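Q: One structure coming up, written as structure tokens, with questions to follow.
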Amino acid sequence: MSVLDIFKKKQRPVLGLDVSSTTVKLLEISRQGDGYRVENYGVKALPANAVVEKNINDVEAVAQVVKAVVQQTRTKVRDAAVAVAGSAVITKIIEMPGDLSEEAMETQISLEADQYIPYPLEEVALDFDIKGVSAKNPDQVEVLLAACRRENVDMRASVLELADMVPRVVDVEAYTMERAFTLIQDQLEDQQEQIVAIVDIGATMTTLSVLIDGKTIYTREQLFGGKQLTEEIQRRYGLSTEEAGLAKKQGGLPDDYEPEVLEPFKDAVVQQVTRSLQFFFSSSQYNDVDHIVLAGGVASLEGLAGVIEEKLGTSASVANPFVNMSISSKVNSAALINDAPALMIATGLALRSFD
């Protein structure tokens with residue numbers, strides 16, 4: 001039943017492969033004593049509309065890019081971990097008898113899953129994880145059930161297989177973010193019982209994850225991303241998508257770019273972060289967060305964390321999961337650090353090697 005393989009323990013190293021709306025990001029991490037080392041990393045752009053809002057439209061095109069980034073990094077690892085968006089997954093905590101073996105639990109969940117899942121079971125991939133003894137009944141255990149439409153899983157598996165890779169794990173983005181957060185948690189002050197909002201702003205989607213004591217309690221996706229800045233650069237300066245993307249990263253735009261284009265976009269980001277947090281506050285018992293971590297490609301915009309801190313009155317920082325990692329000599333460390341905020345999901349996936 002465990003087609004999702006979210007919670008299954010892994011014995012062999014896996015590559016973290018994050019397939020977003022615009023790029024494929026690859027990360028390979030090894031264990032070095034008590035710490036980690038980045039062995040390989042690569043990013044390659046996807047053709048337009050190959051992936052739309054985290055749904056794969058063109059399996060062959062995505063597979064070609066995966067193949068290219070694997071060849072570019074020269075990694076020998078062929079087992080891979082990929083993720084589906086949180087919006088594609090239903091999770092539910094259920095209670096089950098504590099004396100059941102995992103096999104018996106799996107059988108019982110298979111028989112009873114249609115109570116919890118609003119799709120025909122033949123269309124669903126399922127997995128579960130035992131979280132611990134129930135607070136209400138010591139004879140019961142809490143079990144986290146995760147279900148995803150099988151086509152979402154199959155699409156990603158097909159991409160990997162076409163790219164001559166072995167699909168070992170299909171995870172959920174929210175869990176990969178939570179796993180990657182363990183690497184940056186000690187960079188924050190007053191870590192105990194902190195409410196941390198991770199705002200992952202990609203090319204087309206913004207995902208808010210709220211964690212308390214390092215555990216995800218809330219996630220929400222919204223349509224907003226760096227593509228809006230790229231399109232405004234294109235429109236204003238008559239550039240192609242590729243030229244606008246390069247100019248955004250490397251500079252060289254006219255003097256009016258910062259006041260006329262960049263600053264208004266930063267204001268739009270602040271509004272988006274505010275709106276995302278308001279959704280969280282209105283659907284929970286909380287009305288504040290202790291810290292905001294910015295992730296995703298947009299987080300690399302210079303000064304963005306400072307603007308958010310100033311406008312929202314909440315401390316903010318840019319995610320870098322590699323602060324305490326060593327880096328292989330074959331990895332371009334400057335490029336890795338520049339891309340660090342956008343590599344949180346890939347990092348969380350690569351860490352599956354050490355479950």
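Residues in the structure tokens are named by chain (A, B, ... in the order shown) and by number from 1 within that chain; ligands are numbered from 1 in the order shown.
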For Glu260 in chain A, list every protein, DNA or RNA residue within 12 Å, evaluated using only C-alpha atoms, and leave out those in the same chain fewer than 5 positions away; present the list as a PyMOL selection string.
A: chain A and resi 229+232-233+236-237+253-255+265-267
Q: Can I get the residues of range 41-68 of chain A within 6 Å of range 18-27 of chain A, each with the closest pair of atoms and their distance in Å to one decimal, using only C-alpha atoms, sorted chain first then ascending number, as JSON lines?
A:
{"residue": "A:Tyr41", "atom": "CA", "partner": "A:Leu27", "partner_atom": "CA", "distance": 4.5}
{"residue": "A:Gly42", "atom": "CA", "partner": "A:Leu26", "partner_atom": "CA", "distance": 5.1}
{"residue": "A:Val43", "atom": "CA", "partner": "A:Lys25", "partner_atom": "CA", "distance": 4.5}
{"residue": "A:Lys44", "atom": "CA", "partner": "A:Val24", "partner_atom": "CA", "distance": 5.4}
{"residue": "A:Ala45", "atom": "CA", "partner": "A:Thr23", "partner_atom": "CA", "distance": 4.3}
{"residue": "A:Leu46", "atom": "CA", "partner": "A:Thr23", "partner_atom": "CA", "distance": 5.0}
{"residue": "A:Val51", "atom": "CA", "partner": "A:Ser21", "partner_atom": "CA", "distance": 4.9}
{"residue": "A:Val52", "atom": "CA", "partner": "A:Ser21", "partner_atom": "CA", "distance": 5.6}
{"residue": "A:Lys54", "atom": "CA", "partner": "A:Ser21", "partner_atom": "CA", "distance": 5.6}
Q: Of the residues A:Leu145, A:Ala104, A:Ala299, A:Val153, which is the one nearest to Ala125 in chain A, using only C-alpha atoms?
A: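 Smallest distance to Ala125 in chain A is found for A:Val153.
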Q: As number ranges by chain, please: every residue in range 125-252 of chain A that DSSP puts in helix (DSSP H, G or I).
A: A: 150-162, 173-181, 185-187, 227-237, 241-250
Q: Can you tell me which residues surround Val59 in chain A at a distance of at most 8 Å, considering only C-alpha atoms, apart from same-chain residues fewer than 2 positions away, and format the answer as a VMD selection string?
A: chain A and resid 50 56 to 57 61 to 63 155 158 to 159
Q: Would you mind writing down, as a ChimeraX atom specification, each residue of range 7-120 of chain A that DSSP on the backbone assigns to strand (DSSP E or B)?
A: /A:15-19,23-32,35-45,51-52,55-56,79-84,89-97
Q: With distances taken over only C-alpha atoms, which of A:Ala147, A:Ala180, A:Leu100, A:Val84 is nearest to Tyr116 in chain A?
A: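 Answer, going by the shortest atom-to-atom distance: A:Ala147.
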Q: To one decimal place in Å, what is the distance between CA of Leu239 in chain A and CA of Leu343 in chain A?
A: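 CA of Leu239 in chain A sits 27.3 Å away from CA of Leu343 in chain A.
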Q: What's the 12 Å shell around range 280-289 of chain A, counting only C-alpha atoms, without same-chain residues fewer than 6 positions away, as a ChimeraX atom specification?
A: /A:193-198,207-212,217-221,273-274,312-316
Q: I'd like the contact shell of range 169-173 of chain A - 7 Å cut-off, only C-alpha atoms, skipping same-chain residues fewer than 2 positions apart - returned as a list in words.
A: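 Listing them by chain and then by number gives Leu4, Asp5, Ile6, Ala80, Ala81, Val82, Ala83, Val84, Ala85, Gly86, Val153, Pro167, Tyr175, Thr176, Met177 and Ile345 of chain A.
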Q: Would you save the residues from that selection as a PDB file, in the first residue's frame, using N, CA, C and O atoms?
A:
ATOM      1  N   LEU A   4       3.221   5.915  -1.626  1.00  0.00           N
ATOM      2  CA  LEU A   4       3.769   7.259  -1.416  1.00  0.00           C
ATOM      3  C   LEU A   4       5.185   7.222  -0.843  1.00  0.00           C
ATOM      4  O   LEU A   4       6.004   8.073  -1.150  1.00  0.00           O
ATOM      5  N   ASP A   5       5.454   6.262   0.022  1.00  0.00           N
ATOM      6  CA  ASP A   5       6.776   6.144   0.649  1.00  0.00           C
ATOM      7  C   ASP A   5       7.217   7.432   1.350  1.00  0.00           C
ATOM      8  O   ASP A   5       8.382   7.801   1.327  1.00  0.00           O
ATOM      9  N   ILE A   6       6.273   8.113   1.979  1.00  0.00           N
ATOM     10  CA  ILE A   6       6.640   9.331   2.703  1.00  0.00           C
ATOM     11  C   ILE A   6       7.445   8.966   3.948  1.00  0.00           C
ATOM     12  O   ILE A   6       8.439   9.610   4.281  1.00  0.00           O
ATOM     13  N   ALA A  80      16.281   8.447  -6.338  1.00  0.00           N
ATOM     14  CA  ALA A  80      15.859   9.844  -6.186  1.00  0.00           C
ATOM     15  C   ALA A  80      14.629   9.982  -5.308  1.00  0.00           C
ATOM     16  O   ALA A  80      13.793   9.084  -5.235  1.00  0.00           O
ATOM     17  N   ALA A  81      14.543  11.141  -4.654  1.00  0.00           N
ATOM     18  CA  ALA A  81      13.363  11.522  -3.869  1.00  0.00           C
ATOM     19  C   ALA A  81      12.768  12.768  -4.502  1.00  0.00           C
ATOM     20  O   ALA A  81      13.492  13.721  -4.819  1.00  0.00           O
ATOM     21  N   VAL A  82      11.464  12.747  -4.727  1.00  0.00           N
ATOM     22  CA  VAL A  82      10.752  13.905  -5.275  1.00  0.00           C
ATOM     23  C   VAL A  82       9.583  14.216  -4.341  1.00  0.00           C
ATOM     24  O   VAL A  82       9.284  13.442  -3.428  1.00  0.00           O
ATOM     25  N   ALA A  83       8.931  15.351  -4.576  1.00  0.00           N
ATOM     26  CA  ALA A  83       7.831  15.741  -3.680  1.00  0.00           C
ATOM     27  C   ALA A  83       6.611  16.176  -4.474  1.00  0.00           C
ATOM     28  O   ALA A  83       6.725  16.668  -5.603  1.00  0.00           O
ATOM     29  N   VAL A  84       5.447  15.986  -3.868  1.00  0.00           N
ATOM     30  CA  VAL A  84       4.203  16.542  -4.406  1.00  0.00           C
ATOM     31  C   VAL A  84       3.821  17.742  -3.541  1.00  0.00           C
ATOM     32  O   VAL A  84       4.200  17.824  -2.368  1.00  0.00           O
ATOM     33  N   ALA A  85       3.058  18.658  -4.133  1.00  0.00           N
ATOM     34  CA  ALA A  85       2.634  19.849  -3.391  1.00  0.00           C
ATOM     35  C   ALA A  85       1.686  19.468  -2.265  1.00  0.00           C
ATOM     36  O   ALA A  85       0.932  18.496  -2.377  1.00  0.00           O
ATOM     37  N   GLY A  86       1.739  20.232  -1.189  1.00  0.00           N
ATOM     38  CA  GLY A  86       0.859  19.965  -0.048  1.00  0.00           C
ATOM     39  C   GLY A  86      -0.609  19.999  -0.420  1.00  0.00           C
ATOM     40  O   GLY A  86      -1.423  19.248   0.132  1.00  0.00           O
ATOM     41  N   VAL A 153       1.547  11.045  -8.146  1.00  0.00           N
ATOM     42  CA  VAL A 153       2.705  10.210  -7.825  1.00  0.00           C
ATOM     43  C   VAL A 153       3.249   9.568  -9.093  1.00  0.00           C
ATOM     44  O   VAL A 153       4.463   9.583  -9.353  1.00  0.00           O
ATOM     45  N   PRO A 167      12.807   5.939  -8.801  1.00  0.00           N
ATOM     46  CA  PRO A 167      12.003   6.677  -7.808  1.00  0.00           C
ATOM     47  C   PRO A 167      11.924   5.908  -6.489  1.00  0.00           C
ATOM     48  O   PRO A 167      11.306   4.859  -6.420  1.00  0.00           O
ATOM     49  N   TYR A 175       6.488  18.428   4.421  1.00  0.00           N
ATOM     50  CA  TYR A 175       7.364  17.606   5.274  1.00  0.00           C
ATOM     51  C   TYR A 175       8.835  17.832   4.917  1.00  0.00           C
ATOM     52  O   TYR A 175       9.706  17.791   5.792  1.00  0.00           O
ATOM     53  N   THR A 176       9.117  18.056   3.622  1.00  0.00           N
ATOM     54  CA  THR A 176      10.515  18.307   3.245  1.00  0.00           C
ATOM     55  C   THR A 176      10.976  19.642   3.820  1.00  0.00           C
ATOM     56  O   THR A 176      12.112  19.778   4.265  1.00  0.00           O
ATOM     57  N   MET A 177      10.072  20.625   3.830  1.00  0.00           N
ATOM     58  CA  MET A 177      10.408  21.933   4.402  1.00  0.00           C
ATOM     59  C   MET A 177      10.670  21.805   5.903  1.00  0.00           C
ATOM     60  O   MET A 177      11.609  22.401   6.443  1.00  0.00           O
ATOM     61  N   ILE A 345      13.465  22.701  -0.319  1.00  0.00           N
ATOM     62  CA  ILE A 345      12.736  21.461  -0.609  1.00  0.00           C
ATOM     63  C   ILE A 345      13.709  20.380  -1.076  1.00  0.00           C
ATOM     64  O   ILE A 345      13.644  19.227  -0.629  1.00  0.00           O
TER      65      ILE A 345
END
Q: Have a look at CA of Lys92 in chain A and CA of Leu144 in chain A and let me know their distance in Å, one decimal.
A: 5.8 Å
Q: Given the choices A:Pro13, A:Gly202, A:Gly245, A:Gly238, which gets closest to Gly225 in chain A if the distance is worked out from only C-alpha atoms?
A: A:Gly202
Q: Kindly give the distance, in Å, that separates CA of Tyr36 in chain A and CA of Gln72 in chain A, rounded to a single decimal.
A: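 CA of Tyr36 in chain A sits 21.9 Å away from CA of Gln72 in chain A.
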Q: Return the single residue from A:Ala244, A:Val307, A:Met165, A:Val133 that is closest to Leu17 in chain A, with distances computed using only C-alpha atoms.
A: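 Checking each candidate against Leu17 in chain A, we get A:Met165 as the closest.
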Q: Go through A:Asp139, A:Ile308, A:Val331, A:Ala146 one by one, measure the shortest atom-to-atom distance of each to Ala113 in chain A using only C-alpha atoms, and give the residue with the smallest value.
A: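 Counting only C-alpha atoms, the residue closest to Ala113 in chain A is A:Ala146.
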Q: I'd like the contact shell of Ser333 in chain A - 12 Å cut-off, only C-alpha atoms, skipping same-chain residues fewer than 2 positions apart - returned as an MDAnalysis selection string.
A: chainID A and resid 37:42 322:323 325:331 335:340
